[in-house]
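A.B. asks: Take this structure first; my questions come after.
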Amino acid sequence: MNFSYIDNETFNEEYVSIPEQSGGKLIPEGMGKPGHVYTVSHGKSGMIGVYKLEMQMTSGTGKFEKTGLSSDREAKEAVDTAYRYIKANGRNISASISTTTKDYLLHVQDLNGIGMTKRLTLPAIVAICSVALNKPPLSSSVVLGDASIGGTIMRVEELASTLQVCLDSGTKKVLIPITSAVDLATVPSELIGCFNIIFYQSAEDAAFKALGVE
């Protein structure tokens, strides 16, 4: 995604880099911080964009707070679903994930300014696991797909377009739900060849693979 404007006098299109873009890419190279997870999905406007989740953890009593979602009910429900999922299933992932002695604060950024996405449950599950286990996600990675409260994994809408946005944003590794494997037939092979594609079967599997845990 490039930001540009048309010069009124010359009618030339001028491209602008924004400070968040290190080297012009929304997804920086190298290892990120624990709790920092990127996802690419459809925003409110119908466009596909990059979203950054930043999860922080402090000692506490199990409170879960979120910022950056303004009054977006669907987005709030999606991250609340993630927290409820971890409360119910966190022990299956790791005994060191606590929802009783820790507080969690999630901040979500809409990096392309296209409106918030509601596909935040699975990325938020990964972000909670990442901060709780103090393990950053794989470098230059994006988590695609979503999960329901029951743990059903949802496939990626418009996989080819989503992967193109991933590529443009600097993504090197893409986590894709196994339910989307069939849709890879719709993606140009040269685009698939740009990524290390990692399939996952469940929310727990996505968390383990996103964090590089065997």
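Here's how to read the names in the structure tokens: chain A, B, ... by the order shown, residue numbers from 1 in each chain, ligand numbers from 1 in the order shown.
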Could you give me, as a ChimeraX atom specification, each residue of chain A that DSSP assigns to strand (DSSP E or B) when run on this structure's backbone?
C.D. replies: /A:3-6,13-16,22,25,36-42,48-59,64-67,102-110,141-143,146-147,153-154,173-177,196-200
A.B. asks: Can you tell me which residues surround stretch 25-27 of chain A at a distance of at most 12 Å, considering only C-alpha atoms, apart from same-chain residues fewer than 5 positions away, and format the answer as a ChimeraX atom specification?
C.D. replies: /A:1-3,17-20,32,36-40,49-53,109-112,138-142,165-173
A.B. asks: Per DSSP on the backbone, what are the alpha helix (DSSP H) residues of stretch 47-144 of chain A, as a PDB file with N, CA and C atoms, in the first residue's frame?
C.D. replies:
ATOM      1  N   ARG A  73     -18.203  -2.793  17.355  1.00  0.00           N
ATOM      2  CA  ARG A  73     -18.744  -3.896  18.161  1.00  0.00           C
ATOM      3  C   ARG A  73     -18.214  -5.256  17.695  1.00  0.00           C
ATOM      4  N   GLU A  74     -18.176  -5.468  16.371  1.00  0.00           N
ATOM      5  CA  GLU A  74     -17.739  -6.779  15.854  1.00  0.00           C
ATOM      6  C   GLU A  74     -16.272  -7.045  16.192  1.00  0.00           C
ATOM      7  N   ALA A  75     -15.460  -6.006  16.093  1.00  0.00           N
ATOM      8  CA  ALA A  75     -14.030  -6.171  16.407  1.00  0.00           C
ATOM      9  C   ALA A  75     -13.854  -6.465  17.894  1.00  0.00           C
ATOM     10  N   LYS A  76     -14.622  -5.761  18.735  1.00  0.00           N
ATOM     11  CA  LYS A  76     -14.527  -5.998  20.180  1.00  0.00           C
ATOM     12  C   LYS A  76     -14.965  -7.419  20.527  1.00  0.00           C
ATOM     13  N   GLU A  77     -16.054  -7.847  19.900  1.00  0.00           N
ATOM     14  CA  GLU A  77     -16.534  -9.214  20.152  1.00  0.00           C
ATOM     15  C   GLU A  77     -15.487 -10.244  19.729  1.00  0.00           C
ATOM     16  N   ALA A  78     -14.800  -9.952  18.616  1.00  0.00           N
ATOM     17  CA  ALA A  78     -13.805 -10.898  18.100  1.00  0.00           C
ATOM     18  C   ALA A  78     -12.655 -11.079  19.089  1.00  0.00           C
ATOM     19  N   VAL A  79     -12.171  -9.969  19.680  1.00  0.00           N
ATOM     20  CA  VAL A  79     -11.044 -10.111  20.612  1.00  0.00           C
ATOM     21  C   VAL A  79     -11.521 -10.655  21.960  1.00  0.00           C
ATOM     22  N   ASP A  80     -12.749 -10.331  22.348  1.00  0.00           N
ATOM     23  CA  ASP A  80     -13.300 -10.926  23.573  1.00  0.00           C
ATOM     24  C   ASP A  80     -13.432 -12.445  23.413  1.00  0.00           C
ATOM     25  N   THR A  81     -13.811 -12.875  22.212  1.00  0.00           N
ATOM     26  CA  THR A  81     -13.917 -14.312  21.916  1.00  0.00           C
ATOM     27  C   THR A  81     -12.554 -14.976  22.087  1.00  0.00           C
ATOM     28  N   ALA A  82     -11.504 -14.289  21.637  1.00  0.00           N
ATOM     29  CA  ALA A  82     -10.147 -14.833  21.768  1.00  0.00           C
ATOM     30  C   ALA A  82      -9.800 -15.030  23.239  1.00  0.00           C
ATOM     31  N   TYR A  83     -10.138 -14.045  24.066  1.00  0.00           N
ATOM     32  CA  TYR A  83      -9.791 -14.142  25.488  1.00  0.00           C
ATOM     33  C   TYR A  83     -10.586 -15.270  26.156  1.00  0.00           C
ATOM     34  N   ARG A  84     -11.864 -15.384  25.787  1.00  0.00           N
ATOM     35  CA  ARG A  84     -12.669 -16.474  26.338  1.00  0.00           C
ATOM     36  C   ARG A  84     -12.111 -17.835  25.909  1.00  0.00           C
ATOM     37  N   TYR A  85     -11.645 -17.894  24.679  1.00  0.00           N
ATOM     38  CA  TYR A  85     -11.067 -19.146  24.176  1.00  0.00           C
ATOM     39  C   TYR A  85      -9.822 -19.521  24.984  1.00  0.00           C
ATOM     40  N   ILE A  86      -8.975 -18.533  25.245  1.00  0.00           N
ATOM     41  CA  ILE A  86      -7.762 -18.798  26.038  1.00  0.00           C
ATOM     42  C   ILE A  86      -8.139 -19.199  27.462  1.00  0.00           C
ATOM     43  N   LYS A  87      -9.166 -18.550  28.026  1.00  0.00           N
ATOM     44  CA  LYS A  87      -9.612 -18.932  29.376  1.00  0.00           C
ATOM     45  C   LYS A  87     -10.006 -20.402  29.411  1.00  0.00           C
ATOM     46  N   ALA A  88     -10.695 -20.851  28.376  1.00  0.00           N
ATOM     47  CA  ALA A  88     -11.192 -22.231  28.339  1.00  0.00           C
ATOM     48  C   ALA A  88     -10.120 -23.232  27.918  1.00  0.00           C
ATOM     49  N   ASN A  89      -9.203 -22.801  27.037  1.00  0.00           N
ATOM     50  CA  ASN A  89      -8.291 -23.763  26.406  1.00  0.00           C
ATOM     51  C   ASN A  89      -6.816 -23.456  26.597  1.00  0.00           C
ATOM     52  N   GLY A  90      -6.504 -22.376  27.306  1.00  0.00           N
ATOM     53  CA  GLY A  90      -5.107 -21.974  27.447  1.00  0.00           C
ATOM     54  C   GLY A  90      -4.214 -23.062  28.002  1.00  0.00           C
ATOM     55  N   ARG A  91      -4.768 -23.853  28.929  1.00  0.00           N
ATOM     56  CA  ARG A  91      -3.975 -24.927  29.552  1.00  0.00           C
ATOM     57  C   ARG A  91      -3.519 -25.966  28.522  1.00  0.00           C
ATOM     58  N   ASN A  92      -4.323 -26.135  27.444  1.00  0.00           N
ATOM     59  CA  ASN A  92      -3.932 -27.090  26.394  1.00  0.00           C
ATOM     60  C   ASN A  92      -2.694 -26.599  25.648  1.00  0.00           C
ATOM     61  N   ILE A  93      -2.499 -25.276  25.657  1.00  0.00           N
ATOM     62  CA  ILE A  93      -1.369 -24.697  24.931  1.00  0.00           C
ATOM     63  C   ILE A  93      -0.143 -24.688  25.838  1.00  0.00           C
ATOM     64  N   THR A 121     -10.099 -12.805  16.012  1.00  0.00           N
ATOM     65  CA  THR A 121     -10.084 -13.810  17.078  1.00  0.00           C
ATOM     66  C   THR A 121      -8.814 -14.647  17.049  1.00  0.00           C
ATOM     67  N   LEU A 122      -8.497 -15.241  15.914  1.00  0.00           N
ATOM     68  CA  LEU A 122      -7.313 -16.101  15.850  1.00  0.00           C
ATOM     69  C   LEU A 122      -6.021 -15.300  16.059  1.00  0.00           C
ATOM     70  N   PRO A 123      -5.836 -14.150  15.387  1.00  0.00           N
ATOM     71  CA  PRO A 123      -4.613 -13.371  15.657  1.00  0.00           C
ATOM     72  C   PRO A 123      -4.484 -12.969  17.135  1.00  0.00           C
ATOM     73  N   ALA A 124      -5.608 -12.676  17.791  1.00  0.00           N
ATOM     74  CA  ALA A 124      -5.550 -12.291  19.209  1.00  0.00           C
ATOM     75  C   ALA A 124      -5.190 -13.489  20.089  1.00  0.00           C
ATOM     76  N   ILE A 125      -5.660 -14.674  19.727  1.00  0.00           N
ATOM     77  CA  ILE A 125      -5.268 -15.884  20.466  1.00  0.00           C
ATOM     78  C   ILE A 125      -3.747 -16.056  20.382  1.00  0.00           C
ATOM     79  N   VAL A 126      -3.206 -15.893  19.181  1.00  0.00           N
ATOM     80  CA  VAL A 126      -1.757 -16.017  18.990  1.00  0.00           C
ATOM     81  C   VAL A 126      -1.018 -14.943  19.793  1.00  0.00           C
ATOM     82  N   ALA A 127      -1.564 -13.723  19.803  1.00  0.00           N
ATOM     83  CA  ALA A 127      -0.910 -12.618  20.515  1.00  0.00           C
ATOM     84  C   ALA A 127      -0.884 -12.866  22.026  1.00  0.00           C
ATOM     85  N   ILE A 128      -1.994 -13.389  22.570  1.00  0.00           N
ATOM     86  CA  ILE A 128      -2.032 -13.697  24.014  1.00  0.00           C
ATOM     87  C   ILE A 128      -0.986 -14.774  24.340  1.00  0.00           C
ATOM     88  N   CYS A 129      -0.942 -15.825  23.528  1.00  0.00           N
ATOM     89  CA  CYS A 129       0.038 -16.898  23.763  1.00  0.00           C
ATOM     90  C   CYS A 129       1.459 -16.356  23.663  1.00  0.00           C
ATOM     91  N   SER A 130       1.683 -15.477  22.689  1.00  0.00           N
ATOM     92  CA  SER A 130       3.017 -14.928  22.474  1.00  0.00           C
ATOM     93  C   SER A 130       3.501 -14.147  23.690  1.00  0.00           C
ATOM     94  N   VAL A 131       2.639 -13.267  24.221  1.00  0.00           N
ATOM     95  CA  VAL A 131       3.069 -12.451  25.359  1.00  0.00           C
ATOM     96  C   VAL A 131       3.137 -13.303  26.632  1.00  0.00           C
ATOM     97  N   ALA A 132       2.215 -14.248  26.784  1.00  0.00           N
ATOM     98  CA  ALA A 132       2.191 -15.081  27.995  1.00  0.00           C
ATOM     99  C   ALA A 132       3.414 -15.997  28.064  1.00  0.00           C
ATOM    100  N   LEU A 133       3.873 -16.462  26.906  1.00  0.00           N
ATOM    101  CA  LEU A 133       5.030 -17.367  26.865  1.00  0.00           C
ATOM    102  C   LEU A 133       6.330 -16.607  26.628  1.00  0.00           C
TER     103      LEU A 133
END
A.B. asks: For A:Glu190, list every protein, DNA or RNA residue within 12 Å, evaluated using only C-alpha atoms, and leave out those in the same chain fewer than 3 positions away; present the list as a PDB file with C-alpha atoms, in the first residue's frame.
C.D. replies:
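selection_17.pdb, written as the output of this step:
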ATOM      1  CA  ALA A 160      -4.871 -14.427  -3.817  1.00  0.00           C
ATOM      2  CA  LEU A 163      -1.406 -12.795  -0.272  1.00  0.00           C
ATOM      3  CA  GLN A 164      -0.645  -9.929  -2.651  1.00  0.00           C
ATOM      4  CA  LEU A 167       3.791  -9.486  -0.229  1.00  0.00           C
ATOM      5  CA  LEU A 184      -4.119 -22.003  -3.308  1.00  0.00           C
ATOM      6  CA  THR A 186      -6.497 -19.691  -7.371  1.00  0.00           C
ATOM      7  CA  VAL A 187      -3.161 -18.047  -6.465  1.00  0.00           C
ATOM      8  CA  GLY A 193       6.764 -18.805  -4.353  1.00  0.00           C
ATOM      9  CA  CYS A 194       7.376 -15.541  -2.493  1.00  0.00           C
ATOM     10  CA  PHE A 195       6.442 -17.023   0.888  1.00  0.00           C
TER      11      PHE A 195
END
A.B. asks: If we count only C-alpha atoms and set the cut-off at 10 Å, which residues sit around A:Asp72, ignoring sequence neighbours fewer than 6 positions away in its own chain? Please answer as a list in words.
C.D. replies: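 So the residues in contact are Lys44, Gly115, Met116, Thr117 and Lys118 of chain A.
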A.B. asks: Limited to N, CA and C atoms, could you put the picked residues into a file as a JSON list (two decimals), in the first residue's frame?
C.D. replies:
[["chain", "number", "residue", "atom", "x", "y", "z"],
["A", 44, "LYS", "N", -13.47, -2.70, 7.31],
["A", 44, "LYS", "CA", -14.85, -2.23, 7.20],
["A", 44, "LYS", "C", -15.19, -1.76, 5.79],
["A", 115, "GLY", "N", -10.31, 1.02, 7.91],
["A", 115, "GLY", "CA", -11.41, 0.58, 8.78],
["A", 115, "GLY", "C", -11.05, -0.74, 9.45],
["A", 116, "MET", "N", -11.52, -0.90, 10.66],
["A", 116, "MET", "CA", -11.14, -2.07, 11.47],
["A", 116, "MET", "C", -11.68, -3.36, 10.85],
["A", 117, "THR", "N", -10.96, -4.45, 11.09],
["A", 117, "THR", "CA", -11.41, -5.76, 10.65],
["A", 117, "THR", "C", -12.12, -6.47, 11.81],
["A", 118, "LYS", "N", -13.01, -7.40, 11.48],
["A", 118, "LYS", "CA", -13.63, -8.21, 12.55],
["A", 118, "LYS", "C", -12.94, -9.56, 12.66]]
A.B. asks: Pick out the residues sitting within 7 Å of A:Pro177, and hand them over as a JSON list (two decimals) with C-alpha atoms, in the first residue's frame; count only C-alpha atoms, and ignore anything fewer than 5 positions along from it in its own chain.
C.D. replies:
[["chain", "number", "residue", "atom", "x", "y", "z"],
["A", 145, "GLY", "CA", -7.59, -16.89, 8.93],
["A", 153, "ILE", "CA", -11.16, -22.42, 11.83],
["A", 155, "ARG", "CA", -10.74, -19.95, 5.70],
["A", 199, "PHE", "CA", -0.47, -24.53, 7.42],
["A", 200, "TYR", "CA", -2.28, -24.87, 10.73],
["A", 201, "GLN", "CA", -5.20, -27.08, 11.78]]
A.B. asks: Let me make sure I understand: among A:Leu211, A:Met31, A:Val182, A:Ala203, which one has the smallest atom-to-atom distance to A:Gly150 if we use only C-alpha atoms?
C.D. replies: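 Closest candidate: A:Ala203.
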A.B. asks: Of the candidates A:Glu65, A:Met154, A:Val108, A:Ser45, which shows the shortest atom-to-atom distance to A:Ala181, using only C-alpha atoms?
C.D. replies: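 Among A:Glu65, A:Met154, A:Val108, A:Ser45, it is A:Met154 that comes nearest to A:Ala181.
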A.B. asks: Just checking: using only C-alpha atoms, which residue out of A:Gln56, A:Asn134, A:Ser41, A:Ser148 ends up closest to A:Leu106?
C.D. replies: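 Selected residue with least distance to A:Leu106: A:Gln56.
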A.B. asks: Atom CA of A:Met47 and atom CA of A:Thr162, how far apart in Å?
C.D. replies: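 If I compute the distance from atom CA of A:Thr162 to atom CA of A:Met47, I get 9.8 Å.
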A.B. asks: Between atom CA of A:Ser71 and atom CA of A:Gly46, what is the distance, to one decimal in Å?
C.D. replies: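 Calculated distance between atom CA of A:Ser71 and atom CA of A:Gly46 is 18.1 Å.
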A.B. asks: Under the rule that only C-alpha atoms are counted, which of A:Gly43, A:Pro137, A:Gly113, A:Gly151 is the nearest residue to A:Glu204?
C.D. replies: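 Looking at the shortest contact to A:Glu204, the residue is A:Gly151.
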